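Pasting run-v7.cif here (mmCIF, C-alpha atoms, pLDDT in the B column; chains and numbers go by the auth columns):
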data_input
loop_
_atom_site.group_PDB
_atom_site.id
_atom_site.type_symbol
_atom_site.label_atom_id
_atom_site.label_comp_id
_atom_site.label_asym_id
_atom_site.label_seq_id
_atom_site.Cartn_x
_atom_site.Cartn_y
_atom_site.Cartn_z
_atom_site.B_iso_or_equiv
_atom_site.auth_seq_id
_atom_site.auth_asym_id
ATOM 1 C CA MET A 1 18.133 24.781 -26.354 41.00 1 F
ATOM 2 C CA SER A 2 18.929 22.062 -23.864 41.00 2 F
ATOM 3 C CA THR A 3 18.157 18.395 -24.399 42.00 3 F
ATOM 4 C CA PRO A 4 18.080 15.504 -21.934 42.00 4 F
ATOM 5 C CA SER A 5 21.657 14.533 -21.270 40.00 5 F
ATOM 6 C CA ALA A 6 23.002 11.055 -21.956 37.00 6 F
ATOM 7 C CA SER A 7 24.246 11.041 -18.394 38.00 7 F
ATOM 8 C CA THR A 8 20.695 10.879 -17.078 44.00 8 F
ATOM 9 C CA PRO A 9 19.171 7.427 -16.494 47.00 9 F
ATOM 10 C CA THR A 10 19.296 5.490 -19.779 46.00 10 F
ATOM 11 C CA ALA A 11 19.121 8.257 -22.367 47.00 11 F
ATOM 12 C CA ARG A 12 19.175 7.107 -26.006 47.00 12 F
ATOM 13 C CA SER A 13 19.295 9.581 -28.883 42.00 13 F
ATOM 14 C CA GLY A 14 19.329 8.941 -32.595 42.00 14 F
ATOM 15 C CA ALA A 15 16.927 6.012 -32.382 42.00 15 F
ATOM 16 C CA ALA A 16 14.642 5.171 -35.264 42.00 16 F
ATOM 17 C CA GLY A 17 11.651 7.469 -35.580 44.00 17 F
ATOM 18 C CA LEU A 18 13.172 10.282 -33.516 48.00 18 F
ATOM 19 C CA GLY A 19 13.807 13.790 -34.728 47.00 19 F
ATOM 20 C CA VAL A 20 17.288 15.269 -34.752 47.00 20 F
ATOM 21 C CA ASP A 21 16.720 17.052 -31.456 61.00 21 F
ATOM 22 C CA ASP A 22 14.648 14.322 -29.817 73.00 22 F
ATOM 23 C CA ALA A 23 15.934 11.978 -27.129 82.00 23 F
ATOM 24 C CA LEU A 24 14.603 8.657 -25.907 87.00 24 F
ATOM 25 C CA LEU A 25 14.865 8.030 -22.179 87.00 25 F
ATOM 26 C CA ASP A 26 13.972 5.205 -19.809 89.00 26 F
ATOM 27 C CA LEU A 27 12.779 6.496 -16.444 91.00 27 F
ATOM 28 C CA HIS A 28 12.958 4.000 -13.575 92.00 28 F
ATOM 29 C CA LEU A 29 9.811 4.654 -11.548 92.00 29 F
ATOM 30 C CA THR A 30 9.055 4.078 -7.868 86.00 30 F
ATOM 31 C CA GLY A 31 5.836 4.054 -5.878 82.00 31 F
ATOM 32 C CA MET A 32 3.599 2.281 -8.410 84.00 32 F
ATOM 33 C CA THR A 33 1.385 -0.395 -6.893 79.00 33 F
ATOM 34 C CA CYS A 34 -1.132 -1.196 -9.627 80.00 34 F
ATOM 35 C CA ALA A 35 -1.834 -0.705 -13.317 85.00 35 F
ATOM 36 C CA SER A 36 -3.849 2.455 -12.649 84.00 36 F
ATOM 37 C CA CYS A 37 -0.687 4.059 -11.246 86.00 37 F
ATOM 38 C CA ALA A 38 1.112 3.380 -14.529 91.00 38 F
ATOM 39 C CA ASN A 39 -1.792 4.788 -16.525 91.00 39 F
ATOM 40 C CA ARG A 40 -1.829 7.922 -14.371 89.00 40 F
ATOM 41 C CA ILE A 41 1.879 8.605 -14.883 93.00 41 F
ATOM 42 C CA GLU A 42 1.603 7.922 -18.612 94.00 42 F
ATOM 43 C CA LYS A 43 -1.248 10.387 -19.035 93.00 43 F
ATOM 44 C CA LYS A 44 0.602 13.111 -17.116 92.00 44 F
ATOM 45 C CA LEU A 45 3.803 12.659 -19.133 95.00 45 F
ATOM 46 C CA ASN A 46 1.925 12.721 -22.424 95.00 46 F
ATOM 47 C CA LYS A 47 0.384 16.075 -21.493 94.00 47 F
ATOM 48 C CA VAL A 48 3.840 17.677 -21.736 94.00 48 F
ATOM 49 C CA PRO A 49 4.050 19.316 -25.216 93.00 49 F
ATOM 50 C CA GLY A 50 6.029 17.148 -27.622 92.00 50 F
ATOM 51 C CA VAL A 51 6.450 14.254 -25.199 93.00 51 F
ATOM 52 C CA VAL A 52 5.390 10.731 -26.116 94.00 52 F
ATOM 53 C CA ALA A 53 5.528 8.331 -23.168 94.00 53 F
ATOM 54 C CA SER A 54 4.705 4.705 -22.489 94.00 54 F
ATOM 55 C CA VAL A 55 4.752 3.319 -18.932 95.00 55 F
ATOM 56 C CA ASN A 56 5.230 -0.391 -18.214 93.00 56 F
ATOM 57 C CA TYR A 57 3.941 -1.355 -14.776 91.00 57 F
ATOM 58 C CA ALA A 58 5.622 -4.766 -14.804 90.00 58 F
ATOM 59 C CA THR A 59 9.116 -3.346 -15.370 90.00 59 F
ATOM 60 C CA GLU A 60 8.416 -0.083 -13.492 90.00 60 F
ATOM 61 C CA THR A 61 9.834 1.848 -16.440 92.00 61 F
ATOM 62 C CA ALA A 62 8.621 4.778 -18.506 93.00 62 F
ATOM 63 C CA THR A 63 9.944 5.031 -22.055 93.00 63 F
ATOM 64 C CA VAL A 64 9.789 8.699 -22.965 93.00 64 F
ATOM 65 C CA ARG A 65 10.493 10.497 -26.243 93.00 65 F
ATOM 66 C CA ALA A 66 11.347 14.056 -25.275 90.00 66 F
ATOM 67 C CA PRO A 67 11.834 16.964 -27.691 91.00 67 F
ATOM 68 C CA ALA A 68 14.481 19.629 -27.379 87.00 68 F
ATOM 69 C CA GLY A 69 13.681 21.957 -24.518 88.00 69 F
ATOM 70 C CA VAL A 70 12.271 19.243 -22.266 90.00 70 F
ATOM 71 C CA THR A 71 14.916 18.152 -19.792 89.00 71 F
ATOM 72 C CA PHE A 72 15.220 15.058 -17.642 89.00 72 F
ATOM 73 C CA ASP A 73 14.501 17.192 -14.581 90.00 73 F
ATOM 74 C CA ASP A 74 11.271 18.390 -16.216 92.00 74 F
ATOM 75 C CA LEU A 75 10.114 14.789 -16.639 92.00 75 F
ATOM 76 C CA VAL A 76 11.075 13.907 -13.076 92.00 76 F
ATOM 77 C CA ALA A 77 9.067 16.882 -11.824 92.00 77 F
ATOM 78 C CA VAL A 78 5.985 15.654 -13.717 92.00 78 F
ATOM 79 C CA VAL A 79 6.294 12.180 -12.202 91.00 79 F
ATOM 80 C CA GLU A 80 6.828 13.537 -8.684 88.00 80 F
ATOM 81 C CA ASN A 81 3.918 15.966 -8.981 86.00 81 F
ATOM 82 C CA THR A 82 1.768 12.968 -9.885 85.00 82 F
ATOM 83 C CA GLY A 83 2.743 11.369 -6.599 82.00 83 F
ATOM 84 C CA TYR A 84 5.472 8.948 -7.652 86.00 84 F
ATOM 85 C CA GLY A 85 9.255 8.945 -7.952 87.00 85 F
ATOM 86 C CA VAL A 86 12.154 8.388 -10.347 89.00 86 F
ATOM 87 C CA ARG A 87 15.340 6.641 -9.289 84.00 87 F
ATOM 88 C CA LEU A 88 18.766 6.172 -10.826 74.00 88 F
ATOM 89 C CA PRO A 89 19.407 2.605 -12.045 61.00 89 F
ATOM 90 C CA ASP A 90 21.991 1.962 -9.322 50.00 90 F
ATOM 91 C CA THR A 91 19.870 3.144 -6.385 46.00 91 F
ATOM 92 C CA ALA A 92 17.563 1.020 -4.282 44.00 92 F
ATOM 93 C CA VAL A 93 13.813 1.082 -4.599 45.00 93 F
ATOM 94 C CA VAL A 94 11.961 2.346 -1.511 46.00 94 F
ATOM 95 C CA ASP A 95 9.801 -0.765 -1.295 52.00 95 F
ATOM 96 C CA ASP A 96 12.285 -3.294 -2.685 58.00 96 F
ATOM 97 C CA PRO A 97 11.382 -6.996 -2.841 60.00 97 F
ATOM 98 C CA ASP A 98 13.476 -7.827 0.236 78.00 98 F
ATOM 99 C CA GLU A 99 11.700 -5.211 2.347 81.00 99 F
ATOM 100 C CA LEU A 100 8.269 -6.284 1.109 84.00 100 F
ATOM 101 C CA GLY A 101 9.198 -9.915 1.761 89.00 101 F
ATOM 102 C CA ARG A 102 10.194 -9.018 5.320 93.00 102 F
ATOM 103 C CA ARG A 103 6.888 -7.239 5.890 93.00 103 F
ATOM 104 C CA TRP A 104 5.001 -10.243 4.539 94.00 104 F
ATOM 105 C CA ARG A 105 6.867 -12.791 6.653 96.00 105 F
ATOM 106 C CA VAL A 106 6.417 -10.853 9.893 97.00 106 F
ATOM 107 C CA SER A 107 2.757 -10.126 9.128 97.00 107 F
ATOM 108 C CA ALA A 108 2.093 -13.780 8.298 97.00 108 F
ATOM 109 C CA VAL A 109 3.684 -15.034 11.517 98.00 109 F
ATOM 110 C CA LEU A 110 1.734 -12.539 13.623 98.00 110 F
ATOM 111 C CA SER A 111 -1.526 -13.209 11.788 98.00 111 F
ATOM 112 C CA VAL A 112 -1.578 -16.958 12.477 98.00 112 F
ATOM 113 C CA PRO A 113 -2.326 -16.761 16.244 97.00 113 F
ATOM 114 C CA VAL A 114 -4.799 -13.943 15.619 97.00 114 F
ATOM 115 C CA VAL A 115 -6.757 -16.045 13.137 96.00 115 F
ATOM 116 C CA LEU A 116 -6.641 -19.221 15.236 96.00 116 F
ATOM 117 C CA THR A 117 -7.825 -17.606 18.466 95.00 117 F
ATOM 118 C CA SER A 118 -10.472 -15.554 16.682 94.00 118 F
ATOM 119 C CA MET A 119 -11.954 -18.468 14.744 92.00 119 F
ATOM 120 C CA VAL A 120 -11.471 -21.447 17.071 92.00 120 F
ATOM 121 C CA MET A 121 -13.282 -21.026 20.410 91.00 121 F
ATOM 122 C CA PRO A 122 -11.351 -23.718 22.355 93.00 122 F
ATOM 123 C CA LEU A 123 -8.173 -21.713 21.709 95.00 123 F
ATOM 124 C CA GLN A 124 -9.556 -18.506 23.234 94.00 124 F
ATOM 125 C CA PHE A 125 -7.573 -18.267 26.462 95.00 125 F
ATOM 126 C CA VAL A 126 -8.123 -15.539 29.064 96.00 126 F
ATOM 127 C CA GLY A 127 -6.993 -12.267 27.493 95.00 127 F
ATOM 128 C CA TRP A 128 -6.779 -13.631 23.943 96.00 128 F
ATOM 129 C CA GLN A 129 -8.456 -10.519 22.537 96.00 129 F
ATOM 130 C CA TRP A 130 -5.699 -8.301 23.929 97.00 130 F
ATOM 131 C CA MET A 131 -3.089 -10.512 22.312 97.00 131 F
ATOM 132 C CA ALA A 132 -4.974 -10.194 19.031 97.00 132 F
ATOM 133 C CA PHE A 133 -5.144 -6.426 19.511 98.00 133 F
ATOM 134 C CA LEU A 134 -1.391 -6.091 20.047 98.00 134 F
ATOM 135 C CA LEU A 135 -0.330 -8.402 17.219 98.00 135 F
ATOM 136 C CA THR A 136 -2.765 -6.887 14.745 98.00 136 F
ATOM 137 C CA THR A 137 -1.551 -3.400 15.655 98.00 137 F
ATOM 138 C CA VAL A 138 1.913 -4.330 14.379 98.00 138 F
ATOM 139 C CA VAL A 139 0.496 -5.853 11.196 98.00 139 F
ATOM 140 C CA VAL A 140 -1.810 -2.927 10.423 98.00 140 F
ATOM 141 C CA THR A 141 0.688 -0.158 11.190 97.00 141 F
ATOM 142 C CA TRP A 142 4.029 -1.603 10.041 96.00 142 F
ATOM 143 C CA GLY A 143 3.032 -4.445 7.727 96.00 143 F
ATOM 144 C CA ALA A 144 0.396 -2.423 5.874 96.00 144 F
ATOM 145 C CA ALA A 145 2.459 0.786 5.766 94.00 145 F
ATOM 146 C CA PRO A 146 3.027 0.613 1.968 89.00 146 F
ATOM 147 C CA PHE A 147 -0.736 0.399 1.412 91.00 147 F
ATOM 148 C CA HIS A 148 -1.433 3.371 3.684 93.00 148 F
ATOM 149 C CA ARG A 149 1.378 5.432 2.167 88.00 149 F
ATOM 150 C CA SER A 150 0.161 4.807 -1.385 84.00 150 F
ATOM 151 C CA ALA A 151 -3.446 5.534 -0.400 88.00 151 F
ATOM 152 C CA TRP A 152 -2.365 8.836 1.161 88.00 152 F
ATOM 153 C CA VAL A 153 -0.375 9.855 -1.932 81.00 153 F
ATOM 154 C CA ASN A 154 -3.344 9.041 -4.158 80.00 154 F
ATOM 155 C CA ALA A 155 -5.724 10.954 -1.892 86.00 155 F
ATOM 156 C CA ARG A 156 -3.503 14.039 -2.054 81.00 156 F
ATOM 157 C CA HIS A 157 -3.850 13.953 -5.833 76.00 157 F
ATOM 158 C CA GLY A 158 -7.580 13.298 -5.784 80.00 158 F
ATOM 159 C CA THR A 159 -7.317 9.721 -7.039 79.00 159 F
ATOM 160 C CA THR A 160 -7.732 6.192 -5.718 82.00 160 F
ATOM 161 C CA SER A 161 -6.221 2.776 -6.401 81.00 161 F
ATOM 162 C CA MET A 162 -6.424 -0.769 -5.080 85.00 162 F
ATOM 163 C CA ASP A 163 -4.190 0.389 -2.228 88.00 163 F
ATOM 164 C CA THR A 164 -6.923 2.813 -1.195 91.00 164 F
ATOM 165 C CA LEU A 165 -9.400 -0.064 -0.945 93.00 165 F
ATOM 166 C CA VAL A 166 -6.981 -2.214 1.067 94.00 166 F
ATOM 167 C CA SER A 167 -6.019 0.621 3.404 96.00 167 F
ATOM 168 C CA ILE A 168 -9.614 1.643 4.139 96.00 168 F
ATOM 169 C CA GLY A 169 -10.758 -1.954 4.646 96.00 169 F
ATOM 170 C CA VAL A 170 -7.895 -2.822 6.969 97.00 170 F
ATOM 171 C CA LEU A 171 -8.247 0.356 9.019 97.00 171 F
ATOM 172 C CA ALA A 172 -12.035 -0.016 9.291 97.00 172 F
ATOM 173 C CA ALA A 173 -11.759 -3.560 10.674 97.00 173 F
ATOM 174 C CA TYR A 174 -8.897 -2.624 12.993 98.00 174 F
ATOM 175 C CA LEU A 175 -10.383 0.618 14.360 97.00 175 F
ATOM 176 C CA TRP A 176 -13.802 -0.927 15.008 94.00 176 F
ATOM 177 C CA SER A 177 -12.214 -3.853 16.841 96.00 177 F
ATOM 178 C CA SER A 178 -9.881 -1.588 18.810 96.00 178 F
ATOM 179 C CA ILE A 179 -12.791 0.562 20.005 94.00 179 F
ATOM 180 C CA ALA A 180 -14.698 -2.586 20.970 92.00 180 F
ATOM 181 C CA VAL A 181 -11.783 -3.931 23.029 95.00 181 F
ATOM 182 C CA LEU A 182 -11.013 -0.619 24.701 94.00 182 F
ATOM 183 C CA PHE A 183 -14.525 0.638 25.444 91.00 183 F
ATOM 184 C CA THR A 184 -16.986 -2.283 25.471 89.00 184 F
ATOM 185 C CA SER A 185 -17.401 -5.675 27.100 87.00 185 F
ATOM 186 C CA ALA A 186 -15.223 -7.168 24.345 90.00 186 F
ATOM 187 C CA GLY A 187 -12.211 -6.175 26.415 92.00 187 F
ATOM 188 C CA GLU A 188 -13.275 -8.045 29.549 91.00 188 F
ATOM 189 C CA LEU A 189 -11.009 -10.901 30.584 93.00 189 F
ATOM 190 C CA GLY A 190 -12.673 -14.239 30.009 90.00 190 F
ATOM 191 C CA MET A 191 -14.674 -13.001 27.018 89.00 191 F
ATOM 192 C CA THR A 192 -15.101 -15.518 24.208 86.00 192 F
ATOM 193 C CA MET A 193 -16.354 -14.940 20.691 82.00 193 F
ATOM 194 C CA GLU A 194 -18.253 -17.556 18.723 74.00 194 F
ATOM 195 C CA MET A 195 -19.160 -17.809 15.073 70.00 195 F
ATOM 196 C CA SER A 196 -22.526 -16.264 14.181 69.00 196 F
ATOM 197 C CA TRP A 197 -24.315 -15.010 11.103 69.00 197 F
ATOM 198 C CA LEU A 198 -25.418 -11.778 12.794 68.00 198 F
ATOM 199 C CA PRO A 199 -23.729 -9.381 15.268 65.00 199 F
ATOM 200 C CA MET A 200 -24.357 -10.407 18.868 63.00 200 F
ATOM 201 C CA ALA A 201 -25.350 -7.674 21.351 63.00 201 F
ATOM 202 C CA ASP A 202 -23.998 -7.593 24.894 60.00 202 F
ATOM 203 C CA GLU A 203 -25.976 -6.673 28.030 64.00 203 F
ATOM 204 C CA ALA A 204 -25.641 -2.988 27.230 58.00 204 F
ATOM 205 C CA GLY A 205 -27.127 -3.512 23.775 58.00 205 F
ATOM 206 C CA MET A 206 -23.796 -2.957 22.007 59.00 206 F
ATOM 207 C CA HIS A 207 -22.266 -5.195 19.353 58.00 207 F
ATOM 208 C CA PRO A 208 -18.635 -5.685 20.394 73.00 208 F
ATOM 209 C CA ASP A 209 -17.713 -8.096 17.607 86.00 209 F
ATOM 210 C CA LEU A 210 -13.999 -8.212 16.804 93.00 210 F
ATOM 211 C CA TYR A 211 -12.490 -8.315 13.333 95.00 211 F
ATOM 212 C CA PHE A 212 -8.781 -8.308 14.093 97.00 212 F
ATOM 213 C CA GLU A 213 -8.319 -11.461 12.019 96.00 213 F
ATOM 214 C CA SER A 214 -9.812 -9.698 8.990 96.00 214 F
ATOM 215 C CA ALA A 215 -7.435 -6.742 9.294 97.00 215 F
ATOM 216 C CA ALA A 216 -4.441 -9.043 9.743 97.00 216 F
ATOM 217 C CA VAL A 217 -5.305 -11.481 6.949 97.00 217 F
ATOM 218 C CA VAL A 218 -6.176 -8.807 4.374 97.00 218 F
ATOM 219 C CA THR A 219 -2.844 -7.112 5.033 96.00 219 F
ATOM 220 C CA THR A 220 -0.918 -10.380 4.785 95.00 220 F
#
Target encoding structure tokens, full file:
Amino acid sequence: MSTPSASTPTARSGAAGLGVDDALLDLHLTGMTCASCANRIEKKLNKVPGVVASVNYATETATVRAPAGVTFDDLVAVVENTGYGVRLPDTAVVDDPDELGRRWRVSAVLSVPVVLTSMVMPLQFVGWQWMAFLLTTVVVTWGAAPFHRSAWVNARHGTTSMDTLVSIGVLAAYLWSSIAVLFTSAGELGMTMEMSWLPMADEAGMHPDLYFESAAVVTT
């Protein structure tokens, strides 16, 4: 019978409490974005006969006690089928801190003019809504990509997470505003938008309110 090899990511055998043929491994996980992700992976791993697993969201690590006959590749397959990944200790994480920091900085810079022109009427120059449309498009598509990707992975496995909520909220605000700019009077040059408690109808009876600032700020 084969056992997880010591050459796989952080395999430790002979630890206290383990059987002769058991091995203790640390799996370095990728793709987790909230505590529910960690719980989901942990439950799936513990369904493997003989496996006892504990997943730490903060360290992105799964500590797994695997019996003889359960290989490292078997554990990786369980994690991947759940919608997440396992990396070697010396490989980069898909959404590493530097990449996430870059997304945040760009999104923050682009969000500032969107918020100012949307919320302060004197700053609404001719065509401001089209500027907001273009800048928010970058934020919602590139800046929020990790949220959308995680939401899609969760949806494929019939589950949801906080990323699902963020993705749906951002897309709802962005798509509504985009339709308003492209197909209603909200896209007319010279249009201004003022603060109001209720949606304001135009001459055609439509409500072309824009929420680009909401999509941009939630993402940031």
Test item: residues at most 12 Å from Thr192 (chain F), all atoms listed in the file, excluding those fewer than 4 positions along its chain, as a PDB file with C-alpha atoms, in the frame of the given file:
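The resulting file, result.pdb, is reproduced below:
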ATOM      1  CA  THR F 117      -7.825 -17.606  18.466  1.00 95.00           C
ATOM      2  CA  SER F 118     -10.472 -15.554  16.682  1.00 94.00           C
ATOM      3  CA  MET F 119     -11.954 -18.468  14.744  1.00 92.00           C
ATOM      4  CA  VAL F 120     -11.471 -21.447  17.071  1.00 92.00           C
ATOM      5  CA  MET F 121     -13.282 -21.026  20.410  1.00 91.00           C
ATOM      6  CA  PRO F 122     -11.351 -23.718  22.355  1.00 93.00           C
ATOM      7  CA  LEU F 123      -8.173 -21.713  21.709  1.00 95.00           C
ATOM      8  CA  GLN F 124      -9.556 -18.506  23.234  1.00 94.00           C
ATOM      9  CA  PHE F 125      -7.573 -18.267  26.462  1.00 95.00           C
ATOM     10  CA  VAL F 126      -8.123 -15.539  29.064  1.00 96.00           C
ATOM     11  CA  GLY F 127      -6.993 -12.267  27.493  1.00 95.00           C
ATOM     12  CA  TRP F 128      -6.779 -13.631  23.943  1.00 96.00           C
ATOM     13  CA  GLN F 129      -8.456 -10.519  22.537  1.00 96.00           C
ATOM     14  CA  TRP F 130      -5.699  -8.301  23.929  1.00 97.00           C
ATOM     15  CA  SER F 185     -17.401  -5.675  27.100  1.00 87.00           C
ATOM     16  CA  ALA F 186     -15.223  -7.168  24.345  1.00 90.00           C
ATOM     17  CA  GLY F 187     -12.211  -6.175  26.415  1.00 92.00           C
ATOM     18  CA  GLU F 188     -13.275  -8.045  29.549  1.00 91.00           C
ATOM     19  CA  MET F 200     -24.357 -10.407  18.868  1.00 63.00           C
ATOM     20  CA  ASP F 202     -23.998  -7.593  24.894  1.00 60.00           C
ATOM     21  CA  PRO F 208     -18.635  -5.685  20.394  1.00 73.00           C
ATOM     22  CA  ASP F 209     -17.713  -8.096  17.607  1.00 86.00           C
ATOM     23  CA  LEU F 210     -13.999  -8.212  16.804  1.00 93.00           C
TER      24      LEU F 210
END
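Once the PyMOL selection byres ((chain F and resi 28) around 8) is applied to this file, the selection holds F:Pro9, F:Asp26, F:Leu27, F:Leu29, F:Thr30, F:Glu60, F:Thr61, F:Ala62, F:Val86, F:Arg87, F:Leu88, F:Pro89.
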Compare F:Ser161, F:Ser177, F:Ser54, F:Thr184 by their minimum atom-to-atom distance to Ala35 (chain F), counting all atoms listed in the file, and give me the closest one. F:Ser161
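The residue that comes closest to Leu110 (chain F), out of F:Ala216, F:Leu182, F:Ala144, F:Ala58 and on the basis of all atoms listed in the file, is F:Ala216.
Shortest separation to Ala180 (chain F) among F:Val140, F:Val55, F:Phe212, F:Thr71 occurs at residue F:Phe212, atoms counted being only C-alpha atoms.
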Using CA of Gly83 (chain F) and CA of Leu24 (chain F) as the two end points, give the distance in Å to one decimal. 22.8 Å
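If all atoms listed in the file are the atoms counted, then among F:Ser111, F:Asn46, F:Thr63, F:Ser36 the closest residue to Thr136 (chain F) is F:Ser111.
Distances to Thr220 (chain F) were evaluated for F:Trp176, F:Thr159, F:Arg103, F:Ser167 using only C-alpha atoms, and the minimum falls at F:Arg103.
One finds CA of Val166 (chain F) at 14.9 Å from CA of Ser107 (chain F).
Pairwise distance (CA of Val52 (chain F), CA of Arg40 (chain F)) equals 14.1 Å.
Those residues returned by the PyMOL selection byres ((chain F and resi 76) around 10) for this file are Leu27, Leu29, Leu45, Thr71, Phe72, Asp73, Asp74, Leu75, Ala77, Val78, Val79, Glu80, Asn81, Thr82, Tyr84, Gly85, Val86 and Arg87 of chain F.
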Here's the selection I'm unsure about, the PyMOL selection byres ((chain F and resi 219) around 12); applied to the file above, which residues does it give, as a PyMOL selection string? chain F and resi 100+103-108+110-111+136-148+163+165-171+173-174+212-218+220
Residue nearest Asn56 (chain F) among F:Ile179, F:Gly69, F:Glu42, F:Leu116 (counting all atoms listed in the file): F:Glu42
Mind completing region 30-46 of chain F with N, CA, C and O atoms? Output as a tab-separated table (two decimals), keeping the file's coordinate frame, please?
chain	number	residue	atom	x	y	z
F	30	THR	N	9.30	4.66	-9.19
F	30	THR	CA	9.06	4.08	-7.87
F	30	THR	C	7.67	4.51	-7.38
F	30	THR	O	7.15	5.54	-7.81
F	31	GLY	N	7.11	3.69	-6.51
F	31	GLY	CA	5.84	4.05	-5.88
F	31	GLY	C	4.61	3.49	-6.56
F	31	GLY	O	3.50	3.62	-6.03
F	32	MET	N	4.76	2.85	-7.74
F	32	MET	CA	3.60	2.28	-8.41
F	32	MET	C	3.19	0.99	-7.71
F	32	MET	O	4.03	0.18	-7.35
F	33	THR	N	1.88	0.81	-7.55
F	33	THR	CA	1.38	-0.40	-6.89
F	33	THR	C	0.30	-1.11	-7.68
F	33	THR	O	-0.11	-2.20	-7.30
F	34	CYS	N	-0.15	-0.52	-8.79
F	34	CYS	CA	-1.13	-1.20	-9.63
F	34	CYS	C	-1.11	-0.56	-11.01
F	34	CYS	O	-0.44	0.45	-11.24
F	35	ALA	N	-1.85	-1.18	-11.94
F	35	ALA	CA	-1.83	-0.70	-13.32
F	35	ALA	C	-2.37	0.72	-13.45
F	35	ALA	O	-1.95	1.47	-14.34
F	36	SER	N	-3.30	1.10	-12.56
F	36	SER	CA	-3.85	2.46	-12.65
F	36	SER	C	-2.77	3.51	-12.35
F	36	SER	O	-2.83	4.62	-12.87
F	37	CYS	N	-1.80	3.14	-11.51
F	37	CYS	CA	-0.69	4.06	-11.25
F	37	CYS	C	0.09	4.32	-12.53
F	37	CYS	O	0.45	5.46	-12.84
F	38	ALA	N	0.38	3.25	-13.27
F	38	ALA	CA	1.11	3.38	-14.53
F	38	ALA	C	0.34	4.23	-15.53
F	38	ALA	O	0.91	5.10	-16.20
F	39	ASN	N	-0.97	4.00	-15.60
F	39	ASN	CA	-1.79	4.79	-16.52
F	39	ASN	C	-1.79	6.27	-16.15
F	39	ASN	O	-1.78	7.14	-17.02
F	40	ARG	N	-1.80	6.54	-14.83
F	40	ARG	CA	-1.83	7.92	-14.37
F	40	ARG	C	-0.54	8.66	-14.76
F	40	ARG	O	-0.57	9.78	-15.24
F	41	ILE	N	0.59	7.99	-14.53
F	41	ILE	CA	1.88	8.60	-14.88
F	41	ILE	C	1.96	8.82	-16.39
F	41	ILE	O	2.42	9.87	-16.86
F	42	GLU	N	1.54	7.83	-17.15
F	42	GLU	CA	1.60	7.92	-18.61
F	42	GLU	C	0.79	9.10	-19.13
F	42	GLU	O	1.24	9.87	-20.00
F	43	LYS	N	-0.40	9.27	-18.60
F	43	LYS	CA	-1.25	10.39	-19.04
F	43	LYS	C	-0.61	11.74	-18.72
F	43	LYS	O	-0.64	12.66	-19.53
F	44	LYS	N	-0.03	11.85	-17.51
F	44	LYS	CA	0.60	13.11	-17.12
F	44	LYS	C	1.80	13.43	-17.99
F	44	LYS	O	2.00	14.59	-18.41
F	45	LEU	N	2.62	12.42	-18.29
F	45	LEU	CA	3.80	12.66	-19.13
F	45	LEU	C	3.39	13.05	-20.54
F	45	LEU	O	4.01	13.93	-21.16
F	46	ASN	N	2.36	12.43	-21.06
F	46	ASN	CA	1.92	12.72	-22.42
F	46	ASN	C	1.26	14.09	-22.57
F	46	ASN	O	1.03	14.56	-23.69
